[in-house]
Every structure is written in C-alpha cells, then in structure tokens.
Amino acid sequence: MPTRPKRAVIVGAGFGGLSLGIRLQSLGFDTLIVERLDGPGGRGYQKRTPDGYVFDMGPTVITAPHLIEELFALERGEPNLDSPDFPPEVLNAPRVTSGESGGPRTRDYVKLVPITPFYRIRFHDGSVFDYDGDPESTRRQIEALAPEDLPGYEAFHRDAQAIFQRGFLELGYTHFGDVPTMLAAVPDLLRLDAVRTLFSFTSKYFRSDKMRQVFSFETLLIGGNPLSVPAIYAMIHFVEKTWGVHYAMGGTGALVRALERKFTELGGQVRYGAGVEEILVTDEWGQAVHRPLGPRVARGVRLEGGEVVPADLVVSNGDWANTYLKRVPRAARLVNSDLRVKAARQSMSLLVIYFGFRDDGTPLDLKHHNILLGPSYEALLTEIFGKKVLGNDFSQYLHVPTLTDPSLAPPGHHAAYTLIPVPHNGSGLNWAQVGPELVERVLDSLEEPGILPGLRGRLTHLEYVTPDYFQDTLDSHLGNAFGPEPVLAQSAYLRPHNRSEDVRNLYLVGAGVQPGAGTPSVMMSAKMTARLIAEDYGGTAADSFPAEVDSTTYK
C-alpha cells in the first residue's frame, strides 16, 4: 500500500521557520508554513513604501555566510545533518573582504557583499572607532584613543578566541536538553571565565571606558545587557572577526525571499494571512487533554478563521512565551506552565525610526552600520533592563544601507533607520504618549555635527515603531524584541528547549530557544531542531499510514 511522507506545520515564516522548513523538506517531510503577516520575514519583514523607499524592519547584520550556504546547498533527501558543522574549508578560508561573499549556491539566490568596517562606533565626545576585525587596525585605533589598553587588548584577544573555540565551534550546536549535558560543559566555561558578566570580563582587560564599551556593546544587538549576559558572548567578537559582517543586496528582505524560494523549490508551501489560534493537543488516543499528566501529542493547528490543519508534527517559530501562554492549552503544560513562562526575564524592546532623506551632495560622515553611544553606558543599561524607565540619555544603532545599496531609495535620496533600546512593555510606559516625544529627541541628536546635520529639512519620509508593534503585530510577550533575555540563569539547559518538554511532536525554533537570538544563532537553531526531529523520527519522514486514508488538503 502506498505511503505518504510525514506532514509538518511550522508556525511563522521568520528566519527560523524558513530555515527549518528547508531542512525538513530535505529530510523528506511535506511542510506547510503558516504566517500571520502578509509576507515572509517575521521580525525580518521588509516594507516597501509608496514613495519608493525599502526598509528592513528588523535584523540587518549578517555574519557567518557559510550558514546561509548550507541551507541553499540542501536538496530533497539530502539533509546533510551528519556533516561537520565547521569543516576545514569553513574554518581555514580567509575572510572575504571584497567582491561577493556568498558561497556558490548562495549566489544562485542572493548577492552577499562584505561590509567594512563592521561598525563605526561614535562616542559622545565625537571621537570614533571603526571596528573592522583587523587586529592591526584595531591596535592603531586603541593606541590613538586609549594607549594604556594595548596590552589588555592582546590578552582579551587571546581569551576571547579561547571562548570562541569552546563556546561556538565546539558547543555552538549542542542542544542542552538535559542537566548532564550542561554540567559536562561547566568546568571548561569556568576555566575560561566565561560565566562572569561580559562587562566585568572586558573590564579585566581594559581601563578605558571607551574600550570597555567597544568590546561589550554587541550583545545589545541580540537583546542582551552587557552588564548581565555571561562572558561567553565575548565569542561574538571572534565570530565577526573570523567570517566578517555582510549585507544582502536588496536588503535583508532579499535574503528572506531567497530562503522562501529555496523552501518552495524543495516542495514546501507557505500560506500568508494565516494566523494560528491554537496548537491542537490530544492524549495518545486522540482524546481531549484535561490535565498535564500522561502522553500529550501535538496533532496540528487551528487557524484564526477556524480552519483545522492536521499535522504529524508542529513547530513554532513564534515568540516562545506566547507560544505556550496563548497557543498551547494550559491543561497540556506542566514544565512550561503560566507561572514559569511569565516569570522568565524577557529581553528589552526597541523604538525604531525609519526615515528617508534627500542627499544634499555633502558626503555622509557615516558608515553602513553606526553605533552612536550616549554620555552614559552602565547607567543607561540599568535604566532599560533593571528600572525599566526612559532616562534622559539613549544610544542608537544607525543603519544607512544606501551607502552600499542605493536601490533602497529613490534617486538622490537615502534610506535609513535608527534603533533605540528601550524597556519592554512590562514598564507600563504609554507609547502613544512617550513615543513621539522620544522620536523628537532622537531627531535632535541625529542633527548634531558629524551625524546628519540639517536632517529635518531633508526628510521626505518618517515612520516609527515602538514596543507596541512587537507586542501587537509580531505577537511578542510584553513587546520583547529578542525573546528571553540571555542571562546566565536562562542559558544552556535553562534556556527554553527546542523540543517541547510538555507535548510530544511539538518543537520550537528561533530567537526564543537554543542557542539564542541573532540571525546566525537562529539559523543554527533550525539545524539543532532539525536534528532533534530526525532523531525522533529515525532520520526519515516516511510514514506507514496508507495514503488513501489521509484527506488533508493544504490550502
């Protein structure tokens, strides 16, 4: 009797959902992605405006392009999950600094180019540090700004490399699904001093406030407070140094569309405007679950319009907290109870201003990626993450992609966005009131000399989002922008798991689960979840059910 492949439903077409969809298709599953929005990307959604601007709404920093190449190289029936994660050709290849930086299969779908410097860091006094991953360039700039920190940089470089080796290359794909797996890693992490806070770690090596900021700010781009994330995140410095920072021509949205294309070429299907109301859970015999004891099995999803989509397995690429709080019945949850989920610390949120402006012919004293640091650092981080208030100070990540890709704006114009870390909606702030006030303050700061003087007179487009966008449109608990905060008590085994502890055949992928937030981590999360699914299904999606008894239709 003919058989059919197992059917998978993925909730959400973000980077995690699309990456896992590609991997499930390569494993032989028939996969449907259902997405609440009208297009792909999730947090990486791309917006096109009537006046000719293109804005990436979310992530813009692309690292480790070999992770992208892996996905585009997959084929149906060739999952390659047993291949080395970091083969010699990935570890030993020189970093691409010019031309195209995507691999041969990537180039069939999207054009990646390297960005140098990785970031221009502008301090409040107007001085700048162009971080480009080149140790000689780094030494020259340290000598100019804080010569007393040159010996400290050599020691930091050595120790961060050791953390990168153990924490990323050796443990990066480890799913900490049980306590023994976590405990096995603890001695090495203690030896590397990787469990103290990142800011404390950098302060061991650098006496200058500026250098302490340069070598700790990057965790803010994945929702982590440098004052509280563990020092294992010093590996970010080496991830970028090893493989560089890159840009997809056409914006991050071009990469999202390329992943969607690869997924559909492998036979996957996507439905937009298809929000999920509930993940359907029964007991082992298909009966309703009344309490979180005994077998509980995911059977599919119910869409917001009432349609039921049966499936053999369900994966959530949505917000971890709201997946459990809003979509998995309370009676089916023991480990991920309301109490546990609500007690988890959520990452910060963001105010993001998207704007277009006329090019007046004066060369911009900016780079593709710019970090604009305010007068305070530690106090500001405490206000955002601890006190959850808006202070008088703020820092920004200013993205000006048209310096690399003029196609994102009308001729003679630039498209940009500036991102300001702010507390999540647990703060109780009324963003309808404080949002416009903060936007005006940010515009004032952007008009300062050395940034975008006279900006208001050149603006042709302005819009912004607040934590309410993350809460209402992206359905993130409390409007968090990056999932659970990556503190030590929410790391490794203590971070949400990619295989549900409560419901069989329910999996998770994305920023909210292991290994964490950030585009490369989310793609790694997809591989980790794919391995768990392959392990649970014996490495194959072949099903023993007769094809004729199945009448499910994907619409």
# chains A, B, ... in the order shown; residues from 1 in each chain; ligands from 1
>>> residues_around(residues="range 210-212 of chain A", least_positions_apart="6", cutoff="9 Å", atoms="only C-alpha atoms", output="VMD selection string")
chain A and resid 123 142 145 to 146 149 153 199 202 to 203
>>> write_last_selection(atoms="N, CA, C and O atoms", output="short mmCIF file (atom, residue, chain, number, x, y, z; two decimals), in the first residue's frame")
data_model
loop_
_atom_site.label_atom_id
_atom_site.label_comp_id
_atom_site.auth_asym_id
_atom_site.auth_seq_id
_atom_site.Cartn_x
_atom_site.Cartn_y
_atom_site.Cartn_z
N PHE A 123 31.54 57.92 19.84
CA PHE A 123 31.38 58.24 21.24
C PHE A 123 30.74 59.61 21.40
O PHE A 123 30.70 60.42 20.46
N ILE A 142 43.22 51.73 19.08
CA ILE A 142 43.36 51.72 20.54
C ILE A 142 44.51 52.64 20.95
O ILE A 142 44.40 53.40 21.93
N LEU A 145 43.21 56.19 20.89
CA LEU A 145 42.16 56.57 21.84
C LEU A 145 42.49 56.19 23.29
O LEU A 145 42.09 56.90 24.22
N ALA A 146 43.16 55.08 23.49
CA ALA A 146 43.43 54.60 24.85
C ALA A 146 44.70 53.74 24.83
O ALA A 146 44.64 52.51 24.97
N ASP A 149 45.54 50.71 26.98
CA ASP A 149 44.80 49.46 26.85
C ASP A 149 45.36 48.51 25.79
O ASP A 149 44.78 47.45 25.55
N TYR A 153 44.31 44.59 25.29
CA TYR A 153 43.69 44.07 24.08
C TYR A 153 44.31 42.74 23.68
O TYR A 153 43.60 41.81 23.26
N PHE A 199 30.51 42.56 30.77
CA PHE A 199 31.13 43.85 31.07
C PHE A 199 32.23 43.69 32.12
O PHE A 199 33.29 44.31 32.03
N THR A 202 35.25 42.19 30.22
CA THR A 202 36.02 43.17 29.44
C THR A 202 36.75 44.15 30.35
O THR A 202 37.84 44.64 30.01
N SER A 203 36.16 44.44 31.50
CA SER A 203 36.79 45.39 32.42
C SER A 203 38.09 44.83 33.01
O SER A 203 38.92 45.60 33.51
#
>>> residues_around(residues="Phe176 in chain A", least_positions_apart="3", cutoff="12 Å", atoms="only C-alpha atoms", output="MDAnalysis selection string")
chainID A and resid 171:173 179:186 490:499 513:515 525 528:529 532
>>> residues_around(residues="Tyr53 in chain A", least_positions_apart="5", cutoff="12 Å", atoms="only C-alpha atoms", output="list of chain:residue names")
A:Gln46, A:Lys47, A:Arg48, A:Gly250, A:Gly251, A:Tyr354, A:Phe355, A:Gly356, A:Phe357, A:Arg358, A:Pro401, A:Thr402, A:Asp405, A:Pro406, A:Ser407, A:Leu408, A:Ala409, A:Pro410, A:Pro411, A:Gly412, A:His413, A:His414, A:Ala415, A:Ala416, A:Tyr417, A:Thr460, A:His461, A:Leu462, A:Glu463
>>> select_by_dssp(residues="range 67-198 of chain A", states="helix (DSSP H, G or I)", output="PyMOL selection string")
chain A and resi 67-72+88-91+106-108+135-145+147-170+179-191+198
>>> residues_around(residues="range 428-440 of chain A", least_positions_apart="6", cutoff="9 Å", atoms="only C-alpha atoms", output="number ranges by chain")
A: 351-353, 388-390, 464-468
>>> atom_distance(atom1="CA of Asp108 in chain A", atom2="CA of Ala13 in chain A")
21.2 Å
>>> closest_residue(among="A:Gly512, A:Gly177, A:Pro421, A:Gly103", to="Tyr324 in chain A", atoms="only C-alpha atoms")
A:Gly512
>>> closest_residue(among="A:Pro375, A:Gly539, A:Pro230, A:Pro520", to="Thr60 in chain A", atoms="only C-alpha atoms")
A:Pro520
>>> closest_residue(among="A:Gly510, A:Pro187, A:Gly152, A:Gly126", to="Leu373 in chain A", atoms="only C-alpha atoms")
A:Gly126
>>> residues_around(residues="Val128 in chain A", least_positions_apart="2", cutoff="12 Å", atoms="only C-alpha atoms", output="list in words")
Pro117, Tyr119, Arg120, Ile121, Arg122, Phe123, His124, Asp125, Gly126, Asp130, Tyr131, Gln141, Ile142, Ala144, Leu145, Lys210, Met211, Val214, Asp365, Leu366, Lys367, Asn370, Ile371, Leu372, Leu373, Gly450 and Ile451 of chain A
>>> residues_around(residues="Gly306 in chain A", least_positions_apart="2", cutoff="10 Å", atoms="only C-alpha atoms", output="list of chain:residue names")
A:Val276, A:Glu277, A:Glu278, A:Val301, A:Arg302, A:Leu303, A:Glu304, A:Val308, A:Val309
>>> write_last_selection(atoms="N, CA and C atoms", output="CSV table (one decimal), in the first residue's frame")
chain,number,residue,atom,x,y,z
A,276,VAL,N,-2.3,31.6,13.7
A,276,VAL,CA,-2.7,30.4,14.4
A,276,VAL,C,-3.3,30.7,15.7
A,277,GLU,N,-4.5,30.2,15.9
A,277,GLU,CA,-5.2,30.5,17.2
A,277,GLU,C,-4.8,29.5,18.2
A,278,GLU,N,-4.6,28.2,17.8
A,278,GLU,CA,-4.3,27.2,18.8
A,278,GLU,C,-3.5,26.0,18.2
A,301,VAL,N,-2.8,22.4,13.9
A,301,VAL,CA,-3.1,23.8,14.4
A,301,VAL,C,-4.5,24.2,13.9
A,302,ARG,N,-5.1,25.1,14.7
A,302,ARG,CA,-6.4,25.7,14.3
A,302,ARG,C,-6.0,27.1,14.0
A,303,LEU,N,-6.4,27.6,12.7
A,303,LEU,CA,-6.1,28.9,12.3
A,303,LEU,C,-7.2,29.9,12.9
A,304,GLU,N,-6.9,31.2,12.9
A,304,GLU,CA,-7.7,32.2,13.5
A,304,GLU,C,-9.1,32.2,12.8
A,308,VAL,N,-8.9,23.9,10.6
A,308,VAL,CA,-8.0,23.0,11.2
A,308,VAL,C,-7.1,22.4,10.2
A,309,VAL,N,-5.8,22.5,10.5
A,309,VAL,CA,-4.7,21.9,9.6
A,309,VAL,C,-4.1,20.8,10.4
>>> residues_around(residues="Met523 in chain A", least_positions_apart="4", cutoff="9 Å", atoms="only C-alpha atoms", output="ChimeraX atom specification")
/A:15-16,19-20,67-68,71,509-510,518-519,527-528
>>> write_last_selection(atoms="all heavy atoms", output="PDB file, in the first residue's frame")
ATOM      1  N   PHE A  15      13.144  33.900   9.965  1.00  0.00           N
ATOM      2  CA  PHE A  15      14.379  33.209   9.587  1.00  0.00           C
ATOM      3  C   PHE A  15      14.386  31.777  10.110  1.00  0.00           C
ATOM      4  O   PHE A  15      14.813  30.850   9.427  1.00  0.00           O
ATOM      5  CB  PHE A  15      15.595  33.968  10.129  1.00  0.00           C
ATOM      6  CG  PHE A  15      16.141  34.995   9.183  1.00  0.00           C
ATOM      7  CD1 PHE A  15      15.923  36.343   9.394  1.00  0.00           C
ATOM      8  CD2 PHE A  15      16.876  34.611   8.075  1.00  0.00           C
ATOM      9  CE1 PHE A  15      16.419  37.286   8.528  1.00  0.00           C
ATOM     10  CE2 PHE A  15      17.380  35.545   7.187  1.00  0.00           C
ATOM     11  CZ  PHE A  15      17.151  36.898   7.422  1.00  0.00           C
ATOM     12  N   GLY A  16      13.913  31.598  11.344  1.00  0.00           N
ATOM     13  CA  GLY A  16      13.905  30.257  11.909  1.00  0.00           C
ATOM     14  C   GLY A  16      12.954  29.334  11.192  1.00  0.00           C
ATOM     15  O   GLY A  16      13.288  28.182  10.890  1.00  0.00           O
ATOM     16  N   SER A  19      14.280  28.590   7.592  1.00  0.00           N
ATOM     17  CA  SER A  19      15.477  27.734   7.627  1.00  0.00           C
ATOM     18  C   SER A  19      15.110  26.306   8.009  1.00  0.00           C
ATOM     19  O   SER A  19      15.604  25.339   7.412  1.00  0.00           O
ATOM     20  CB  SER A  19      16.491  28.302   8.624  1.00  0.00           C
ATOM     21  OG  SER A  19      16.923  29.593   8.241  1.00  0.00           O
ATOM     22  N   LEU A  20      14.238  26.149   8.998  1.00  0.00           N
ATOM     23  CA  LEU A  20      13.834  24.796   9.389  1.00  0.00           C
ATOM     24  C   LEU A  20      12.969  24.169   8.311  1.00  0.00           C
ATOM     25  O   LEU A  20      13.060  22.953   8.059  1.00  0.00           O
ATOM     26  CB  LEU A  20      13.086  24.828  10.718  1.00  0.00           C
ATOM     27  CG  LEU A  20      12.663  23.451  11.245  1.00  0.00           C
ATOM     28  CD1 LEU A  20      13.862  22.523  11.424  1.00  0.00           C
ATOM     29  CD2 LEU A  20      11.888  23.571  12.545  1.00  0.00           C
ATOM     30  N   LEU A  67      26.703  29.593   7.004  1.00  0.00           N
ATOM     31  CA  LEU A  67      25.437  29.053   7.496  1.00  0.00           C
ATOM     32  C   LEU A  67      24.346  29.198   6.443  1.00  0.00           C
ATOM     33  O   LEU A  67      23.458  28.347   6.323  1.00  0.00           O
ATOM     34  CB  LEU A  67      25.027  29.775   8.782  1.00  0.00           C
ATOM     35  CG  LEU A  67      26.004  29.697   9.961  1.00  0.00           C
ATOM     36  CD1 LEU A  67      25.452  30.480  11.145  1.00  0.00           C
ATOM     37  CD2 LEU A  67      26.275  28.259  10.356  1.00  0.00           C
ATOM     38  N   ILE A  68      24.402  30.282   5.701  1.00  0.00           N
ATOM     39  CA  ILE A  68      23.443  30.513   4.622  1.00  0.00           C
ATOM     40  C   ILE A  68      23.725  29.557   3.459  1.00  0.00           C
ATOM     41  O   ILE A  68      22.806  28.969   2.877  1.00  0.00           O
ATOM     42  CB  ILE A  68      23.522  31.976   4.164  1.00  0.00           C
ATOM     43  CG1 ILE A  68      23.149  32.912   5.335  1.00  0.00           C
ATOM     44  CG2 ILE A  68      22.633  32.237   2.952  1.00  0.00           C
ATOM     45  CD1 ILE A  68      23.431  34.378   5.067  1.00  0.00           C
ATOM     46  N   LEU A  71      22.219  26.104   3.803  1.00  0.00           N
ATOM     47  CA  LEU A  71      20.793  25.983   3.502  1.00  0.00           C
ATOM     48  C   LEU A  71      20.549  25.903   2.005  1.00  0.00           C
ATOM     49  O   LEU A  71      19.762  25.069   1.530  1.00  0.00           O
ATOM     50  CB  LEU A  71      20.032  27.174   4.096  1.00  0.00           C
ATOM     51  CG  LEU A  71      19.988  27.216   5.630  1.00  0.00           C
ATOM     52  CD1 LEU A  71      19.443  28.556   6.100  1.00  0.00           C
ATOM     53  CD2 LEU A  71      19.142  26.075   6.176  1.00  0.00           C
ATOM     54  N   VAL A 509      11.658  26.759  17.305  1.00  0.00           N
ATOM     55  CA  VAL A 509      12.842  27.224  16.589  1.00  0.00           C
ATOM     56  C   VAL A 509      12.845  28.738  16.633  1.00  0.00           C
ATOM     57  O   VAL A 509      11.797  29.375  16.691  1.00  0.00           O
ATOM     58  CB  VAL A 509      12.837  26.705  15.128  1.00  0.00           C
ATOM     59  CG1 VAL A 509      11.699  27.320  14.317  1.00  0.00           C
ATOM     60  CG2 VAL A 509      14.172  26.970  14.434  1.00  0.00           C
ATOM     61  N   GLY A 510      14.046  29.320  16.632  1.00  0.00           N
ATOM     62  CA  GLY A 510      14.122  30.776  16.561  1.00  0.00           C
ATOM     63  C   GLY A 510      14.843  31.414  17.723  1.00  0.00           C
ATOM     64  O   GLY A 510      15.513  30.751  18.523  1.00  0.00           O
ATOM     65  N   GLY A 518      19.710  36.542  17.272  1.00  0.00           N
ATOM     66  CA  GLY A 518      20.693  36.908  16.255  1.00  0.00           C
ATOM     67  C   GLY A 518      20.546  36.006  15.049  1.00  0.00           C
ATOM     68  O   GLY A 518      20.287  34.802  15.187  1.00  0.00           O
ATOM     69  N   THR A 519      20.711  36.559  13.857  1.00  0.00           N
ATOM     70  CA  THR A 519      20.479  35.803  12.628  1.00  0.00           C
ATOM     71  C   THR A 519      21.275  34.496  12.558  1.00  0.00           C
ATOM     72  O   THR A 519      20.714  33.438  12.253  1.00  0.00           O
ATOM     73  CB  THR A 519      20.749  36.673  11.398  1.00  0.00           C
ATOM     74  OG1 THR A 519      19.941  37.855  11.472  1.00  0.00           O
ATOM     75  CG2 THR A 519      20.403  35.942  10.117  1.00  0.00           C
ATOM     76  N   LYS A 527      18.962  24.127  12.585  1.00  0.00           N
ATOM     77  CA  LYS A 527      19.698  22.874  12.409  1.00  0.00           C
ATOM     78  C   LYS A 527      19.586  22.007  13.662  1.00  0.00           C
ATOM     79  O   LYS A 527      19.424  20.779  13.577  1.00  0.00           O
ATOM     80  CB  LYS A 527      21.166  23.168  12.098  1.00  0.00           C
ATOM     81  CG  LYS A 527      21.967  21.956  11.657  1.00  0.00           C
ATOM     82  CD  LYS A 527      23.367  22.373  11.203  1.00  0.00           C
ATOM     83  CE  LYS A 527      24.141  21.212  10.597  1.00  0.00           C
ATOM     84  NZ  LYS A 527      25.489  21.658  10.137  1.00  0.00           N
ATOM     85  N   MET A 528      19.653  22.647  14.836  1.00  0.00           N
ATOM     86  CA  MET A 528      19.509  21.904  16.084  1.00  0.00           C
ATOM     87  C   MET A 528      18.140  21.244  16.166  1.00  0.00           C
ATOM     88  O   MET A 528      18.023  20.062  16.518  1.00  0.00           O
ATOM     89  CB  MET A 528      19.726  22.852  17.270  1.00  0.00           C
ATOM     90  CG  MET A 528      21.154  23.341  17.407  1.00  0.00           C
ATOM     91  SD  MET A 528      21.326  24.741  18.546  1.00  0.00           S
ATOM     92  CE  MET A 528      20.855  23.984  20.093  1.00  0.00           C
TER      93      MET A 528
END
>>> closest_residue(among="A:Asp85, A:Glu447, A:Asp502, A:Glu218", to="Val328 in chain A", atoms="only C-alpha atoms")
A:Asp502
>>> atom_distance(atom1="CA of Ser228 in chain A", atom2="CA of Phe215 in chain A")
14.5 Å
>>> select_by_dssp(residues="range 305-362 of chain A", states="strand (DSSP E)", output="MDAnalysis selection string")
chainID A and resid 308:310 313:316 349:358
>>> write_last_selection(atoms="N, CA, C and O atoms", output="compact mmCIF listing (two decimals), in the first residue's frame")
# COMPACT_ATOMS: atom_id res chain seq x y z
N VAL A 308 -8.94 23.89 10.58
CA VAL A 308 -8.02 22.97 11.24
C VAL A 308 -7.05 22.40 10.21
O VAL A 308 -7.47 21.93 9.14
N VAL A 309 -5.77 22.48 10.51
CA VAL A 309 -4.73 21.92 9.64
C VAL A 309 -4.05 20.78 10.41
O VAL A 309 -3.23 21.04 11.30
N PRO A 310 -4.40 19.52 10.12
CA PRO A 310 -3.76 18.40 10.82
C PRO A 310 -2.29 18.28 10.41
O PRO A 310 -1.89 18.67 9.31
N LEU A 313 3.63 16.66 13.00
CA LEU A 313 4.41 17.42 13.97
C LEU A 313 4.18 18.91 13.73
O LEU A 313 3.86 19.34 12.62
N VAL A 314 4.33 19.69 14.79
CA VAL A 314 4.14 21.13 14.75
C VAL A 314 5.39 21.80 15.28
O VAL A 314 5.98 21.35 16.28
N VAL A 315 5.82 22.86 14.61
CA VAL A 315 6.96 23.65 15.06
C VAL A 315 6.52 25.09 15.20
O VAL A 315 5.89 25.64 14.29
N SER A 316 6.86 25.72 16.32
CA SER A 316 6.56 27.13 16.49
C SER A 316 7.81 27.95 16.27
O SER A 316 8.82 27.77 16.96
N SER A 349 13.02 45.89 24.54
CA SER A 349 12.32 46.17 23.30
C SER A 349 13.05 47.30 22.56
O SER A 349 14.18 47.65 22.94
N LEU A 350 12.40 47.82 21.55
CA LEU A 350 13.05 48.82 20.70
C LEU A 350 12.07 49.89 20.26
O LEU A 350 10.89 49.62 20.07
N LEU A 351 12.59 51.08 20.07
CA LEU A 351 11.94 52.09 19.25
C LEU A 351 12.78 52.21 17.99
O LEU A 351 14.00 52.40 18.09
N VAL A 352 12.18 52.02 16.83
CA VAL A 352 12.91 52.06 15.57
C VAL A 352 12.28 53.11 14.68
O VAL A 352 11.06 53.08 14.42
N ILE A 353 13.09 54.05 14.22
CA ILE A 353 12.62 55.13 13.35
C ILE A 353 13.13 54.85 11.94
O ILE A 353 14.35 54.71 11.71
N TYR A 354 12.22 54.75 10.99
CA TYR A 354 12.56 54.51 9.59
C TYR A 354 12.39 55.84 8.86
O TYR A 354 11.32 56.45 8.91
N PHE A 355 13.43 56.29 8.18
CA PHE A 355 13.33 57.60 7.54
C PHE A 355 14.08 57.64 6.22
O PHE A 355 15.06 56.91 6.01
N GLY A 356 13.56 58.48 5.33
CA GLY A 356 14.21 58.75 4.06
C GLY A 356 14.52 60.23 3.98
O GLY A 356 13.76 61.06 4.47
N PHE A 357 15.65 60.56 3.34
CA PHE A 357 16.04 61.97 3.26
C PHE A 357 16.82 62.24 1.98
O PHE A 357 17.42 61.34 1.39
N ARG A 358 16.76 63.51 1.58
CA ARG A 358 17.46 63.93 0.37
C ARG A 358 18.96 63.97 0.60
O ARG A 358 19.44 64.38 1.66
